[in-house]
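Structure file query_12.cif (mmCIF, C-alpha atoms) follows.
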data_input
loop_
_atom_site.label_atom_id
_atom_site.label_comp_id
_atom_site.auth_asym_id
_atom_site.auth_seq_id
_atom_site.Cartn_x
_atom_site.Cartn_y
_atom_site.Cartn_z
CA MET A 1 6.12 -0.80 31.66
CA ASP A 2 4.68 -4.26 32.16
CA SER A 3 2.87 -5.79 29.18
CA GLN A 4 -0.29 -5.90 31.31
CA ASP A 5 -0.17 -2.08 31.41
CA LYS A 6 -0.51 -1.79 27.63
CA VAL A 7 -3.72 -1.32 25.69
CA LEU A 8 -3.52 -2.37 22.06
CA ALA A 9 -6.01 -1.53 19.34
CA THR A 10 -6.47 -2.44 15.69
CA THR A 11 -7.04 0.39 13.22
CA GLU A 12 -9.45 0.27 10.29
CA SER A 13 -6.50 -0.64 8.06
CA GLY A 14 -5.50 -3.54 10.33
CA GLU A 15 -2.48 -1.85 11.95
CA ILE A 16 -2.00 -2.67 15.64
CA ILE A 17 -1.24 0.40 17.76
CA GLU A 18 -0.64 0.99 21.44
CA LEU A 19 -3.07 3.43 23.04
CA HIS A 20 -1.67 6.10 25.31
CA ILE A 21 -3.65 5.92 28.55
CA THR A 22 -3.27 8.73 31.08
CA ASP A 23 -2.31 8.07 34.70
CA GLN A 24 -5.80 9.18 35.72
CA GLN A 25 -7.40 6.71 33.30
CA LYS A 26 -5.15 3.90 34.55
CA LYS A 27 -6.58 4.38 38.06
CA ASP A 28 -10.20 4.84 36.99
CA ARG A 29 -12.28 1.68 37.51
CA LEU A 30 -15.19 3.09 35.48
CA PHE A 31 -12.86 3.84 32.56
CA TRP A 32 -11.75 0.19 32.45
CA GLU A 33 -15.30 -1.13 32.77
CA SER A 34 -16.33 1.13 29.89
CA LEU A 35 -13.38 0.00 27.77
CA ILE A 36 -14.29 -3.66 28.36
CA ASN A 37 -17.92 -2.97 27.39
CA ILE A 38 -16.75 -1.22 24.21
CA LEU A 39 -14.53 -4.20 23.38
CA ARG A 40 -17.35 -6.68 23.91
CA ALA A 41 -19.69 -4.60 21.73
CA GLU A 42 -16.97 -4.38 19.04
CA LEU A 43 -17.32 -0.60 18.72
CA TRP A 44 -14.76 1.68 17.10
CA LEU A 45 -13.20 4.38 19.30
CA PRO A 46 -12.15 7.86 18.20
CA LEU A 47 -8.39 8.40 18.59
CA GLN A 48 -5.95 11.21 17.91
CA LYS A 49 -4.10 10.09 14.78
CA ARG A 50 -0.66 11.29 15.87
CA THR A 51 -0.71 10.53 19.59
CA HIS A 52 -3.03 7.48 19.74
CA GLU A 53 -4.90 9.09 22.64
CA LEU A 54 -8.62 8.65 23.16
CA LEU A 55 -10.57 11.78 22.28
CA GLN A 56 -12.04 13.45 25.35
CA ASN A 57 -15.08 15.19 23.89
CA ASP A 58 -16.18 13.98 20.49
CA TRP A 59 -15.66 11.74 17.50
CA LEU A 60 -14.18 14.59 15.47
CA THR A 61 -10.87 16.35 15.94
CA VAL A 62 -9.36 19.51 14.49
CA ASP A 63 -5.92 17.93 13.89
CA GLY A 64 -7.57 15.33 11.61
#

Give the structure from this file in structure tokens form.
Amino acid sequence: MDSQDKVLATTESGEIIELHITDQQKKDRLFWESLINILRAELWLPLQKRTHELLQNDWLTVDG
């Protein structure tokens, strides 16, 4: 994987993690535009703790 294919994020505790982006998301222009807007607005994103995947439906998850 090329370093340009990686998406890194900083957790609330300052840890840098690599987000797991699906193949569909990688090809989705709107997804990337949204991610850039979120970055510019300095918003926090909900992630699965174990898999570092973006949550699909909500800010809360059962696997906590």

* To do: Determine, counting only C-alpha atoms, which protein, DNA and RNA residues have an atom within 12 Å of an atom of Ala9 in chain A; residues of the same chain fewer than 3 positions away are not included. Present the result as number ranges by chain.
  => A: 6, 12-20, 35, 38-39, 42-47, 52-54

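From CA of Phe31 in chain A back to CA of Thr11 in chain A, the distance works out to 20.5 Å.
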
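Here CA of Arg50 in chain A and CA of Ile21 in chain A stand 14.1 Å from one another.
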
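In this model, the gap between CA of Asn37 in chain A and CA of Gln25 in chain A comes to 15.5 Å.
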